[in-house]
Each structure stands twice: as structure tokens, then as C-alpha cells.
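> One file: run05.txt (compact mmCIF, C-alpha atoms).
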# COMPACT_ATOMS: atom_id res chain seq x y z
CA MET B 47 125.20 82.66 124.89
CA ASP B 48 122.35 85.04 125.77
CA PHE B 49 120.59 83.86 122.66
CA PHE B 50 120.47 80.27 123.92
CA ALA B 51 119.67 81.39 127.45
CA SER B 52 116.49 83.01 126.12
CA PHE B 53 115.43 79.68 124.66
CA VAL B 54 115.87 78.03 128.04
CA GLU B 55 113.91 80.83 129.70
CA VAL B 56 111.04 80.60 127.23
CA TYR B 57 110.71 76.84 127.04
CA THR B 58 109.15 76.27 130.43
CA LEU B 59 106.22 74.05 131.29
CA ASP B 60 103.99 77.04 132.08
CA HIS B 61 104.66 78.62 128.70
CA PHE B 62 104.02 75.32 126.91
CA LYS B 63 100.73 74.96 128.71
CA PHE B 64 99.77 78.52 127.87
CA LEU B 65 100.60 78.01 124.19
CA LEU B 66 98.70 74.73 124.10
CA GLU B 67 95.66 76.52 125.51
CA GLY B 68 95.95 78.96 122.62
CA PHE B 69 96.41 76.14 120.15
CA TRP B 70 93.29 74.48 121.50
CA VAL B 71 91.35 77.69 120.71
CA THR B 72 92.86 77.71 117.21
CA LEU B 73 91.83 74.10 116.61
CA LYS B 74 88.36 74.61 118.07
CA VAL B 75 87.62 77.74 116.04
CA ALA B 76 89.00 76.10 112.89
CA ALA B 77 86.99 72.90 113.43
CA ILE B 78 83.70 74.71 114.03
CA SER B 79 84.32 76.95 111.04
CA ILE B 80 85.14 74.09 108.69
CA VAL B 81 81.97 72.19 109.65
CA LEU B 82 79.79 75.29 109.17
CA SER B 83 81.56 76.19 105.91
CA PHE B 84 81.14 72.66 104.62
CA ILE B 85 77.39 72.86 105.16
CA ILE B 86 76.97 76.38 103.74
CA GLY B 87 79.54 75.87 100.99
CA GLY B 88 77.90 72.53 100.13
CA ILE B 89 74.49 74.15 99.68
CA ILE B 90 75.94 77.00 97.61
CA GLY B 91 78.07 74.62 95.54
CA VAL B 92 75.09 72.38 94.70
CA LEU B 93 72.83 75.35 93.91
CA ARG B 94 75.46 76.77 91.58
CA TYR B 95 76.01 73.38 89.97
CA ALA B 96 72.28 72.91 89.41
CA LYS B 97 72.28 76.18 87.37
CA ILE B 98 68.99 77.46 88.77
CA PRO B 99 68.38 80.73 86.90
CA VAL B 100 68.90 83.95 88.91
CA VAL B 101 69.81 82.07 92.13
CA SER B 102 72.98 80.61 90.59
CA HIS B 103 73.95 83.99 89.21
CA ILE B 104 73.44 85.83 92.48
CA LEU B 105 75.42 83.14 94.29
CA ALA B 106 78.19 83.38 91.70
CA VAL B 107 78.54 87.12 92.32
CA ILE B 108 78.59 86.66 96.11
CA VAL B 109 81.10 83.79 96.01
CA GLU B 110 83.44 85.59 93.62
CA THR B 111 83.29 88.80 95.66
CA ILE B 112 84.15 87.05 98.90
CA ARG B 113 86.89 84.93 97.34
CA ASN B 114 88.54 88.04 95.98
CA LEU B 115 88.61 89.97 99.25
CA PRO B 116 91.35 89.66 101.88
CA LEU B 117 90.26 87.57 104.86
CA LEU B 118 91.74 90.19 107.17
CA LEU B 119 89.25 92.70 105.79
CA ILE B 120 86.34 90.30 106.35
CA ILE B 121 87.45 89.74 109.96
CA PHE B 122 87.76 93.49 110.58
CA PHE B 123 84.42 94.09 108.95
CA THR B 124 82.64 91.43 110.99
CA TYR B 125 83.98 92.63 114.29
CA PHE B 126 84.25 96.41 113.84
CA ALA B 127 81.76 97.36 111.12
CA LEU B 128 78.77 95.10 111.66
CA PRO B 129 77.99 96.56 115.13
CA GLU B 130 77.30 99.82 113.29
CA ILE B 131 74.24 98.20 111.74
CA GLY B 132 73.27 96.48 114.97
CA ILE B 133 75.00 93.10 114.57
CA GLU B 134 77.26 92.67 117.58
CA MET B 135 79.25 89.52 118.30
CA GLU B 136 81.80 88.61 120.90
CA ILE B 137 85.33 87.84 119.69
CA THR B 138 85.12 84.07 119.24
CA THR B 139 81.76 84.25 117.48
CA ALA B 140 82.99 87.04 115.21
CA ALA B 141 86.11 85.01 114.34
CA ILE B 142 84.04 81.92 113.54
CA ALA B 143 81.53 83.98 111.53
CA ALA B 144 84.22 85.71 109.46
CA LEU B 145 86.14 82.49 108.80
CA THR B 146 82.92 80.69 107.88
CA VAL B 147 81.90 83.37 105.37
CA PHE B 148 85.31 83.25 103.71
CA GLU B 149 85.81 79.47 103.75
CA SER B 150 82.22 78.78 102.61
CA ALA B 151 82.99 80.66 99.42
CA MET B 152 86.21 78.64 99.00
CA LEU B 153 84.48 75.31 99.71
CA ALA B 154 81.56 76.18 97.42
CA GLU B 155 84.04 76.36 94.56
CA ILE B 156 85.73 73.09 95.55
CA ILE B 157 82.36 71.37 95.75
CA ARG B 158 81.12 72.83 92.49
CA SER B 159 84.23 71.75 90.60
CA GLY B 160 84.03 68.33 92.25
CA LEU B 161 80.47 67.99 90.97
CA ASN B 162 81.49 69.24 87.55
CA SER B 163 84.20 66.57 87.36
CA ILE B 164 81.55 63.83 87.31
CA GLU B 165 80.84 62.83 83.73
CA LYS B 166 77.52 64.05 82.30
CA GLY B 167 76.73 60.46 81.29
CA GLN B 168 76.24 59.63 84.96
CA ILE B 169 73.35 62.09 85.19
CA GLU B 170 71.86 60.84 81.94
CA ALA B 171 72.12 57.24 83.13
CA GLY B 172 70.55 58.17 86.47
CA ARG B 173 67.71 60.04 84.82
CA SER B 174 67.01 57.35 82.27
CA SER B 175 66.81 54.68 84.95
CA GLY B 176 63.87 56.60 86.34
CA LEU B 177 65.43 58.77 89.06
CA ASN B 178 64.44 62.43 89.15
CA TYR B 179 67.06 65.20 89.08
CA VAL B 180 67.33 65.58 92.85
CA GLN B 181 67.55 61.81 93.36
CA THR B 182 70.23 61.58 90.68
CA LEU B 183 72.26 64.28 92.44
CA ARG B 184 71.81 62.64 95.81
CA TYR B 185 72.45 59.01 94.97
CA ILE B 186 74.65 59.14 91.86
CA VAL B 187 76.57 62.40 91.52
CA LEU B 188 77.20 63.53 95.11
CA PRO B 189 78.64 60.26 96.48
CA GLN B 190 81.14 60.04 93.62
CA ALA B 191 82.01 63.73 93.76
CA LEU B 192 82.45 63.72 97.56
CA ARG B 193 85.17 61.13 97.29
CA ARG B 194 87.07 63.30 94.82
CA MET B 195 86.58 66.38 96.99
CA VAL B 196 88.15 64.96 100.14
CA PRO B 197 91.79 65.86 99.37
CA PRO B 198 91.10 69.51 98.40
CA ILE B 199 88.84 69.86 101.43
CA VAL B 200 91.64 68.64 103.72
CA SER B 201 93.96 71.19 102.05
CA GLN B 202 91.36 73.86 102.66
CA PHE B 203 91.25 72.86 106.30
CA ILE B 204 95.02 73.41 106.47
CA SER B 205 94.50 76.89 105.02
CA LEU B 206 91.78 77.50 107.56
CA LEU B 207 94.03 76.46 110.45
CA LYS B 208 96.64 78.92 109.21
CA ASP B 209 94.06 81.63 108.53
CA THR B 210 92.70 81.39 112.06
CA SER B 211 95.87 83.22 113.14
CA LEU B 212 94.50 86.37 111.48
CA ALA B 213 91.93 86.59 114.25
CA VAL B 214 94.69 87.91 116.54
CA VAL B 215 93.78 91.33 115.12
CA ILE B 216 90.51 91.12 117.06
CA ALA B 217 92.34 89.57 120.04
CA LEU B 218 91.08 85.99 119.70
CA PRO B 219 93.16 84.16 122.36
CA ASP B 220 94.62 81.67 119.86
CA LEU B 221 98.13 80.24 119.54
CA LEU B 222 99.67 83.34 117.95
CA HIS B 223 97.96 85.64 120.45
CA ASN B 224 99.24 83.66 123.45
CA GLY B 225 102.68 83.66 121.86
CA GLN B 226 102.50 87.44 121.64
CA ILE B 227 101.71 87.65 125.33
CA ILE B 228 104.81 85.60 126.15
CA TYR B 229 107.25 87.54 123.98
CA ALA B 230 105.83 90.84 125.18
CA GLN B 231 107.65 90.13 128.47
CA LYS B 232 111.11 90.48 126.98
CA GLY B 233 112.60 91.42 123.61
CA SER B 234 114.87 88.38 123.51
CA TYR B 235 111.86 86.04 123.73
CA VAL B 236 110.68 86.85 120.22
CA ILE B 237 112.74 84.28 118.31
CA PRO B 238 112.29 81.34 120.71
CA VAL B 239 108.53 81.94 120.83
CA PHE B 240 108.20 82.14 117.06
CA VAL B 241 110.29 79.02 116.55
CA LEU B 242 108.01 77.16 118.93
CA ILE B 243 104.68 78.34 117.55
CA ALA B 244 105.87 77.81 113.99
CA PHE B 245 106.68 74.20 114.86
CA MET B 246 103.31 73.71 116.54
CA TYR B 247 101.48 74.90 113.45
CA PHE B 248 103.83 72.91 111.26
CA ILE B 249 103.36 69.58 113.02
CA VAL B 250 99.58 69.62 112.80
CA ASN B 251 99.39 71.03 109.28
CA TYR B 252 102.11 68.75 107.95
CA ALA B 253 100.33 65.71 109.37
CA LEU B 254 97.12 66.89 107.67
CA SER B 255 98.93 67.46 104.38
CA LEU B 256 100.33 63.91 104.52
CA ILE B 257 96.79 62.61 104.98
CA ALA B 258 95.59 64.70 102.03
CA ARG B 259 98.42 63.36 99.88
CA ARG B 260 97.73 59.74 100.86
CA LEU B 261 94.04 60.17 99.99
CA GLU B 262 94.99 61.67 96.65
CA LEU B 263 97.31 58.74 95.85
CA LYS B 264 94.65 56.24 96.85
CA GLN B 265 92.27 57.76 94.32
CA SER B 266 94.65 57.80 91.40
CA MET K 150 73.03 103.86 101.54
CA LEU K 151 76.78 104.31 101.37
CA ASP K 152 78.17 107.66 102.40
CA PHE K 153 80.34 108.60 99.45
CA SER K 154 81.75 111.64 101.19
CA ILE K 155 83.91 109.20 103.20
CA LEU K 156 85.48 108.12 99.93
CA THR K 157 85.82 111.58 98.41
CA ASP K 158 87.09 113.24 101.61
CA ASN K 159 89.78 110.58 102.12
CA ILE K 160 90.55 109.72 98.53
CA ASP K 161 94.24 110.62 98.96
CA SER K 162 94.60 108.17 101.82
CA TYR K 163 92.85 105.39 99.91
CA ILE K 164 94.96 105.99 96.79
CA GLU K 165 98.18 106.10 98.82
CA GLY K 166 97.34 102.73 100.39
CA PHE K 167 96.22 101.32 97.06
CA LYS K 168 99.58 102.24 95.54
CA ILE K 169 101.53 100.58 98.37
CA THR K 170 99.38 97.45 98.06
CA ILE K 171 100.15 97.21 94.33
CA TYR K 172 103.81 98.04 94.87
CA ALA K 173 104.34 95.53 97.71
CA SER K 174 102.47 92.81 95.80
CA LEU K 175 104.50 93.35 92.62
CA ILE K 176 107.87 93.42 94.41
CA SER K 177 106.89 90.35 96.36
CA LEU K 178 105.75 88.54 93.21
CA LEU K 179 109.01 89.26 91.45
CA CYS K 180 111.19 88.23 94.41
CA SER K 181 109.18 85.11 95.18
CA PHE K 182 109.32 84.12 91.52
CA ILE K 183 113.12 84.26 91.64
CA LEU K 184 113.35 82.53 95.02
CA GLY K 185 110.67 80.02 94.01
CA THR K 186 112.50 79.11 90.81
CA ILE K 187 115.72 78.51 92.74
CA ILE K 188 113.90 76.29 95.24
CA ALA K 189 112.06 74.39 92.49
CA VAL K 190 115.35 73.66 90.72
CA MET K 191 116.89 72.64 94.06
CA ARG K 192 114.05 70.16 94.59
CA ILE K 193 114.73 68.35 91.33
CA ALA K 194 118.51 68.82 91.15
CA PRO K 195 120.47 65.55 90.87
CA LEU K 196 121.96 65.93 94.35
CA LYS K 197 120.18 64.53 97.41
CA PRO K 198 121.17 67.05 100.13
CA ILE K 199 120.07 69.92 97.88
CA ASN K 200 116.74 68.20 97.15
CA TRP K 201 116.25 67.76 100.82
CA LEU K 202 116.88 71.45 101.56
CA GLY K 203 114.40 72.55 98.92
CA THR K 204 111.75 70.13 100.15
CA ALA K 205 112.30 71.19 103.77
CA TYR K 206 111.79 74.85 102.83
CA VAL K 207 108.59 74.19 100.91
CA GLU K 208 107.05 71.85 103.48
CA PHE K 209 107.91 74.01 106.45
CA ILE K 210 106.83 77.36 105.04
CA ARG K 211 103.63 76.08 103.44
CA ASN K 212 102.45 74.71 106.75
CA ILE K 213 102.81 77.79 108.92
CA PRO K 214 100.58 80.90 108.81
CA VAL K 215 101.81 83.80 106.71
CA LEU K 216 101.01 86.15 109.60
CA VAL K 217 103.51 84.28 111.80
CA ILE K 218 106.18 84.82 109.12
CA VAL K 219 105.29 88.50 108.70
CA PHE K 220 105.41 89.13 112.45
CA PHE K 221 108.68 87.27 112.66
CA THR K 222 110.41 89.29 109.92
CA TYR K 223 109.07 92.46 111.52
CA LEU K 224 110.13 91.69 115.07
CA ALA K 225 113.31 89.69 114.51
CA GLY K 226 114.70 91.84 111.72
CA ASN K 227 115.51 95.51 111.77
CA PHE K 228 113.08 96.58 109.05
CA GLY K 229 110.22 99.01 108.67
CA GLY K 230 106.71 97.64 108.41
CA MET K 231 106.52 97.71 104.64
CA THR K 232 109.90 96.07 104.04
CA ALA K 233 109.33 93.45 106.72
CA GLY K 234 105.88 92.72 105.35
CA THR K 235 107.13 92.38 101.79
CA ILE K 236 109.95 90.08 102.88
CA GLY K 237 107.52 87.98 104.90
CA LEU K 238 105.11 87.70 101.97
CA THR K 239 108.02 86.74 99.69
CA ILE K 240 109.25 83.98 102.01
CA TYR K 241 105.71 82.56 102.17
CA THR K 242 104.72 82.91 98.52
CA ALA K 243 108.04 81.52 97.24
CA ALA K 244 107.13 78.12 98.70
CA PHE K 245 103.88 78.01 96.70
CA ILE K 246 105.49 79.33 93.53
CA ALA K 247 108.26 76.73 93.89
CA GLU K 248 105.62 74.00 93.87
CA ALA K 249 103.92 75.49 90.80
CA ILE K 250 107.23 75.72 88.96
CA ARG K 251 108.24 72.21 89.97
CA ALA K 252 104.94 70.88 88.60
CA GLY K 253 105.66 72.80 85.39
CA ILE K 254 109.16 71.35 85.09
CA MET K 255 107.89 67.82 85.77
CA SER K 256 105.35 68.22 82.98
CA VAL K 257 108.15 68.62 80.41
CA PRO K 258 108.90 65.12 79.02
CA LYS K 259 112.11 63.52 80.34
CA GLY K 260 113.38 63.05 76.79
CA GLN K 261 113.87 66.81 76.51
CA MET K 262 116.49 66.80 79.25
CA GLU K 263 118.18 63.70 77.83
CA ALA K 264 118.28 65.20 74.34
CA ALA K 265 119.68 68.49 75.66
CA ARG K 266 122.33 66.74 77.74
CA SER K 267 123.40 64.48 74.89
CA SER K 268 123.78 67.47 72.57
CA GLY K 269 126.44 68.71 74.95
CA LEU K 270 124.61 71.18 77.22
CA SER K 271 125.41 71.12 80.92
CA TYR K 272 122.61 70.42 83.42
CA GLY K 273 122.29 74.13 84.21
CA GLN K 274 122.20 75.11 80.54
CA ALA K 275 119.65 72.42 79.70
CA MET K 276 117.48 73.61 82.57
CA ARG K 277 117.73 77.27 81.62
CA LEU K 278 117.51 76.99 77.84
CA ILE K 279 115.35 73.91 77.23
CA ILE K 280 113.27 72.91 80.24
CA LEU K 281 112.30 76.19 81.95
CA PRO K 282 111.01 77.94 78.80
CA GLN K 283 108.69 74.98 78.11
CA ALA K 284 107.60 74.75 81.74
CA ILE K 285 106.61 78.41 81.92
CA LYS K 286 103.43 77.89 79.86
CA ILE K 287 101.98 75.57 82.48
CA VAL K 288 103.23 77.75 85.32
CA ILE K 289 101.53 80.99 84.28
CA PRO K 290 97.95 80.29 85.49
CA PRO K 291 99.02 79.11 88.99
CA LEU K 292 101.40 82.06 89.10
CA GLY K 293 98.44 84.32 88.43
CA ASN K 294 96.56 82.68 91.28
CA GLN K 295 99.52 83.28 93.56
CA PHE K 296 99.52 86.93 92.54
CA ILE K 297 95.85 87.22 93.53
CA ASN K 298 96.70 85.61 96.87
CA LEU K 299 99.58 88.04 97.24
CA VAL K 300 97.34 91.06 96.71
CA LYS K 301 94.97 89.70 99.35
CA ASN K 302 97.74 88.68 101.74
CA SER K 303 99.42 92.07 101.38
CA SER K 304 96.64 93.29 103.68
CA LEU K 305 98.76 91.76 106.47
CA LEU K 306 101.10 94.71 106.05
CA ALA K 307 98.47 96.64 108.00
CA VAL K 308 99.27 94.54 111.08
CA VAL K 309 102.90 95.72 111.03
CA ALA K 310 102.04 99.32 110.02
CA GLY K 311 103.12 98.73 106.45
CA GLY K 312 101.12 101.61 104.95
CA ASP K 313 99.02 99.47 102.58
CA LEU K 314 95.36 99.82 101.63
CA MET K 315 94.11 98.01 104.73
CA TYR K 316 96.33 100.17 106.94
CA HIS K 317 95.02 103.34 105.35
CA GLY K 318 91.50 101.97 105.77
CA ASP K 319 92.19 101.78 109.51
CA LEU K 320 93.47 105.36 109.46
CA VAL K 321 90.37 106.58 107.65
CA ASN K 322 88.21 104.68 110.10
CA SER K 323 89.88 106.29 113.08
CA LYS K 324 88.97 109.67 111.54
CA THR K 325 85.43 108.97 110.35
CA PHE K 326 84.28 106.52 113.06
CA SER K 327 82.22 104.94 110.36
CA PRO K 328 83.79 101.48 109.90
CA PHE K 329 80.94 100.08 107.81
CA ASP K 330 81.29 102.47 104.89
CA THR K 331 85.05 102.89 105.30
CA TYR K 332 85.79 99.18 105.00
CA ILE K 333 83.33 98.68 102.15
CA PHE K 334 85.33 101.21 100.15
CA VAL K 335 88.54 99.40 101.13
CA GLY K 336 86.96 96.18 99.84
CA LEU K 337 86.01 97.84 96.55
CA PHE K 338 89.62 98.90 96.02
CA TYR K 339 90.78 95.31 96.54
CA LEU K 340 88.15 94.05 94.12
CA ILE K 341 89.33 96.53 91.45
CA LEU K 342 92.60 94.58 91.54
CA THR K 343 91.55 91.01 92.21
CA ILE K 344 88.43 90.60 90.04
CA PRO K 345 90.15 91.41 86.70
CA LEU K 346 93.07 89.21 87.77
CA SER K 347 90.68 86.33 88.53
CA PHE K 348 89.03 86.68 85.14
CA GLY K 349 92.45 86.80 83.47
CA VAL K 350 93.61 83.64 85.24
CA GLY K 351 90.32 81.89 84.43
CA TYR K 352 90.78 82.75 80.77
CA LEU K 353 94.39 81.48 80.72
CA GLU K 354 93.36 78.26 82.45
CA LYS K 355 90.66 77.62 79.85
CA ARG K 356 93.05 78.35 77.01
CA LEU K 357 95.65 76.02 78.45
CA ALA K 358 93.06 73.27 78.95
CA ARG K 359 92.05 73.61 75.30
CA SER K 360 95.62 73.55 73.98
CA ASN K 361 96.19 70.25 75.79
Can you present the structure in this file as C-alpha cells?

Amino acid sequence: MDFFASFVEVYTLDHFKFLLEGFWVTLKVAAISIVLSFIIGGIIGVLRYAKIPVVSHILAVIVETIRNLPLLLIIFFTYFALPEIGIEMEITTAAIAALTVFESAMLAEIIRSGLNSIEKGQIEAGRSSGLNYVQTLRYIVLPQALRRMVPPIVSQFISLLKDTSLAVVIALPDLLHNGQIIYAQKGSYVIPVFVLIAFMYFIVNYALSLIARRLELKQS
Amino acid sequence: MLDFSILTDNIDSYIEGFKITIYASLISLLCSFILGTIIAVMRIAPLKPINWLGTAYVEFIRNIPVLVIVFFTYLAGNFGGMTAGTIGLTIYTAAFIAEAIRAGIMSVPKGQMEAARSSGLSYGQAMRLIILPQAIKIVIPPLGNQFINLVKNSSLLAVVAGGDLMYHGDLVNSKTFSPFDTYIFVGLFYLILTIPLSFGVGYLEKRLARSN
């Protein structure tokens, strides 16, 4: 009976509002990060695809290093280690910076493989109709590749929304963080709070995954 | 320049964490492979309510953050940090492995199941002896990717005092007050594990692509 009573105690309007505030921070940080990562990852992906000597290789090393590190480490590093060399950021900026570094590397790979999936004949056709390399990329390859990239990019956004929760370690006031504040009041609040925040994450991410799936079906 | 004395002075701590990271990742991989296989078979079993259960598990778990699961197992269960963390990672990773295995099973032509059934094997036998061994080839590269993710995600053990590499990095940092160098060494230890794994998976993916 106590178990159910704790649900009733936790599920109040004030708590909902407080959690929604946190969720709003989660969504905001994730949205800013995905836009920034799309721009940075796009540039890196195109540069790697274009196989510019030296530049492509350096980028390959950077991208592979970042992709193979835990995001938690990158978040810690951004917030706790960078001030040592004079780069200080407040919590939200640090969270966005860390997520952007990590997701840019992920998106660069998605974009590069999207570009690689376009048949070489397209470039040849573009070039032989008088376009230069950059024009061919811009008008022929990129528009086709972008369409193919949309579903994996939506999936990456789902990952990003989930990954944002890691920023609780630097006290970003996101959904998980606000949940922690609520269950810190009483031991019996833990389960009701987790059930609620899990469902909040689930609803948004599941909706996004349905969109990704529909887009994928449309293409095939 | 990096201060290597931080590494040499605290090498025991780094190695201890490194070991726990490997150990937790391996245990988690093994358990989530077993759990994932069960869920994958549930999702394609010829019984609707069982399908539905498997699908519900995969869809729910895949769409919530792994940190939420790890915190939950830590706070709601009566486990130490390392056990809770490993259980949390297993619950999460099993959903992804289930999807990889399901894709593998679906890639085996339907005729194989029909042939096995008509030669007198039960559904379970056909699955175990005919379908799963053929599916495993396609499943290995994504399984490798999941293992890389596991190694990286095992850093979440640090949040529940699980004694892993990241956790020991924090301990070293609280001694040296030199987070920059300390965490770079932590990162290098992770890369020692994940970079060879990435190359291995890349190689397997290429080989599989060629054999098709």
C-alpha cells in the first residue's frame, strides 16, 4: 500500500511542472547541439569525403579518437579539465560544447558514408556536363546524399537526447537532474520518479524513432 | 607537455580501473548476448503475446537513457555500484543486441525453417540447430559495435561508484588536482581498448560485405 501511496505523493502538479522544466532544458541543449554538430560534422564529413591529402588524414584521426572515447569522459574533460588551460565555461555551455564535439564526430561519419553511397557515375556525369568538382558536390551529390542521411540523423538525434542525461554529472538542470532533486526528498520516491522520467524520455524518443522508420520506408 | 609522473605515480589505480572496465564490459556483453538472444527469439516466435512482450522490451529500453537505467538499478535494487552498473548496462545493451540478432535471423531464408520443420525438428530445435548458427555470421560485426559501446558506456559505473577506469580517474584527479593530464591518461586507456576493437569490426564488416 505504501508503494502506491508514494506514487500518489510524487505525481503532483508541482512535480510534473518541475520535471517538464528539466525536460525543456534537455530538449533545448539537445536541439542546439544537433544543429551545431550537423554544421561541424557536415564540414568534416565533406572534407573527409573529398580526400584532400593531409587534411582528410588529420580529420580521420580526430574523428576516430573522439568516436572511441566515452562521452562521459568528454563531458568531464570539458567542464573540469579545460579550465586548467584557461578555457572556462558555465554548465550549459560546457554541456553543449561536449555534446557537440562528440556528436559532430558521429555525424561526420554518417555524412561521409551517405556521400559514399552515391554512385561514382553521378560525379563523372556531373563533371562531364561541365560542372567543376565543388559544383558537382553541391548540386549533384549532396542533395541526393542528404535524403539518404535523414533517417540515420534522426536516430542520432535520439541518441543525443538520451546522451544529454550524462550532463547531470556536471549538474546541468535537465530532466534526470530535476528527477534526482525530487527523489532526494524521500527514499520511497525513487521508483515513481524513475518510472515517470523514463516514460517522458520514451514518449519523445519513440515518436522520433517512428518518424525515422517512416522516412526509411518512404525511401525504399 | 603531459606530466607522465601522474601516470607512473598512479599506475596501480589506473590499472585497477582498467581491469574493472574490461571485466564489467565482458560480463555485460555475455549476459546481454544471452538476454538479447531470448528477446530476439521472442520477437519472431509464432505466438502474438510473446512477440508483443519482446517488442515492448526493445522499444522501451532503446528509447530511454542508459544512465537512467543504471541509476535505477543502483537505487531501486540492493546492489553495489559495480553490480548495479553491470546489470544496468546489460538491460540496456540487450535491447540493441536483440535487434542485431533479429536482423540476423530474418536474413536467413524462410525455406531453411520450412525445410528443418518438415524434416521433423521442432520449432525450438530448428531455431537452435539450423537458423541461429547461420544468423551468427551476420550478427558478429554489429555485436562488435555493441561491445565497443559497452566499453564506452561502462564509464557510467563511475557515477554509481562502480570502481571502473573513469571512477579511478576521478580518484587520481582528487589526489593530483591536475584534471587535464589525469583525464587524458584515462582517455588513452579507453583508446587502447576501443581502437583495436573498431579496426577489428571494420575488418569483419568489409569481409562480410565481400562474401555477399
> Pick out the residues sitting within 10 Å of K:Gly311, and hand them over as a VMD selection string; count all atoms listed in the file, and ignore anything fewer than 4 positions along from it in its own chain.
chain K and resid 166 169 to 170 173 229 to 235 303 to 307 315 to 317
> From the options K:Ser154, K:Ile171, K:Ala243, K:Ser162, which residue's atoms come nearest to K:Ile188, counting only C-alpha atoms?
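For K:Ile188, the nearest of the given residues is K:Ala243.
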> Please list as a ChimeraX atom specification every residue within 10 Å of K:Phe338, counting only C-alpha atoms and excluding residues in the same chain fewer than 6 positions away.
/B:115 /K:163-164,166-167,314-315,332
> I need the residues from that last selection saved to file as a compact mmCIF listing (two decimals), in the frame of the given file (with C-alpha atoms), if you can.

# COMPACT_ATOMS: atom_id res chain seq x y z
CA LEU B 115 88.61 89.97 99.25
CA TYR K 163 92.85 105.39 99.91
CA ILE K 164 94.96 105.99 96.79
CA GLY K 166 97.34 102.73 100.39
CA PHE K 167 96.22 101.32 97.06
CA LEU K 314 95.36 99.82 101.63
CA MET K 315 94.11 98.01 104.73
CA TYR K 332 85.79 99.18 105.00
> Record the distance separating atom CA of K:Cys180 and atom CA of K:Glu354, expressed in Å with one decimal.
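Going from atom CA of K:Cys180 over to atom CA of K:Glu354, I get 23.7 Å.
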> Please identify all residues of chain K having at least one atom at most 9 Å from any atom of chain B, considering only C-alpha atoms, and return them as a count of residues only.
41
> Name the residues in contact with stretch 192-206 of chain K at a cut-off of 12 Å, using only C-alpha atoms, excluding same-chain residues fewer than 3 positions from it; report them as an MDAnalysis selection string.
(chainID B and resid 248 252) or (chainID K and resid 184:189 209:213 240:245 247:248 250:255 272:273 276)
> Using only C-alpha atoms, please write the residues we just selected to a file, as a short mmCIF file (atom, residue, chain, number, x, y, z; two decimals), in the frame of the given file.

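What ended up in result-v1.cif:
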data_model
loop_
_atom_site.label_atom_id
_atom_site.label_comp_id
_atom_site.auth_asym_id
_atom_site.auth_seq_id
_atom_site.Cartn_x
_atom_site.Cartn_y
_atom_site.Cartn_z
CA PHE B 248 103.83 72.91 111.26
CA TYR B 252 102.11 68.75 107.95
CA LEU K 184 113.35 82.53 95.02
CA GLY K 185 110.67 80.02 94.01
CA THR K 186 112.50 79.11 90.81
CA ILE K 187 115.72 78.51 92.74
CA ILE K 188 113.90 76.29 95.24
CA ALA K 189 112.06 74.39 92.49
CA PHE K 209 107.91 74.01 106.45
CA ILE K 210 106.83 77.36 105.04
CA ARG K 211 103.63 76.08 103.44
CA ASN K 212 102.45 74.71 106.75
CA ILE K 213 102.81 77.79 108.92
CA ILE K 240 109.25 83.98 102.01
CA TYR K 241 105.71 82.56 102.17
CA THR K 242 104.72 82.91 98.52
CA ALA K 243 108.04 81.52 97.24
CA ALA K 244 107.13 78.12 98.70
CA PHE K 245 103.88 78.01 96.70
CA ALA K 247 108.26 76.73 93.89
CA GLU K 248 105.62 74.00 93.87
CA ILE K 250 107.23 75.72 88.96
CA ARG K 251 108.24 72.21 89.97
CA ALA K 252 104.94 70.88 88.60
CA GLY K 253 105.66 72.80 85.39
CA ILE K 254 109.16 71.35 85.09
CA MET K 255 107.89 67.82 85.77
CA TYR K 272 122.61 70.42 83.42
CA GLY K 273 122.29 74.13 84.21
CA MET K 276 117.48 73.61 82.57
#
> Using all atoms listed in the file, pick whichever of K:Val207, K:Ala265, K:Met150, K:Ile280 has the shortest atom-to-atom distance to K:Met191.
K:Val207
> One decimal, Å: what's the distance from atom CA of K:Val219 over to atom CA of B:Val147, could you say?
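We find that atom CA of K:Val219 and atom CA of B:Val147 lie 24.2 Å from each other.
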> Return as JSON the box centre and box size in Å, one decimal, for an axis-aligned box around all listed atoms of stretch 320-329 of chain K padded by 3 Å per side.

{"center_x": 87.2, "center_y": 104.9, "center_z": 110.4, "size_x": 18.5, "size_y": 15.6, "size_z": 11.4}
> My list of candidates is K:Leu320, K:Thr157, K:Leu179, K:Leu346. Which is closest to K:Leu238 when distances are computed with all atoms listed in the file?
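For K:Leu238, the nearest of the given residues is K:Leu179.
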> Quick one: distance from atom CA of K:Ile160 to atom CA of K:Thr325 in Å, one decimal?
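Between atom CA of K:Ile160 and atom CA of K:Thr325 the gap is 12.9 Å.
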> Which residues are near stretch 74-76 of chain B? Cut-off 12 Å, all atoms listed in the file, ignore same chain within fewer than 6 positions. Put them as a count of residues only.
33
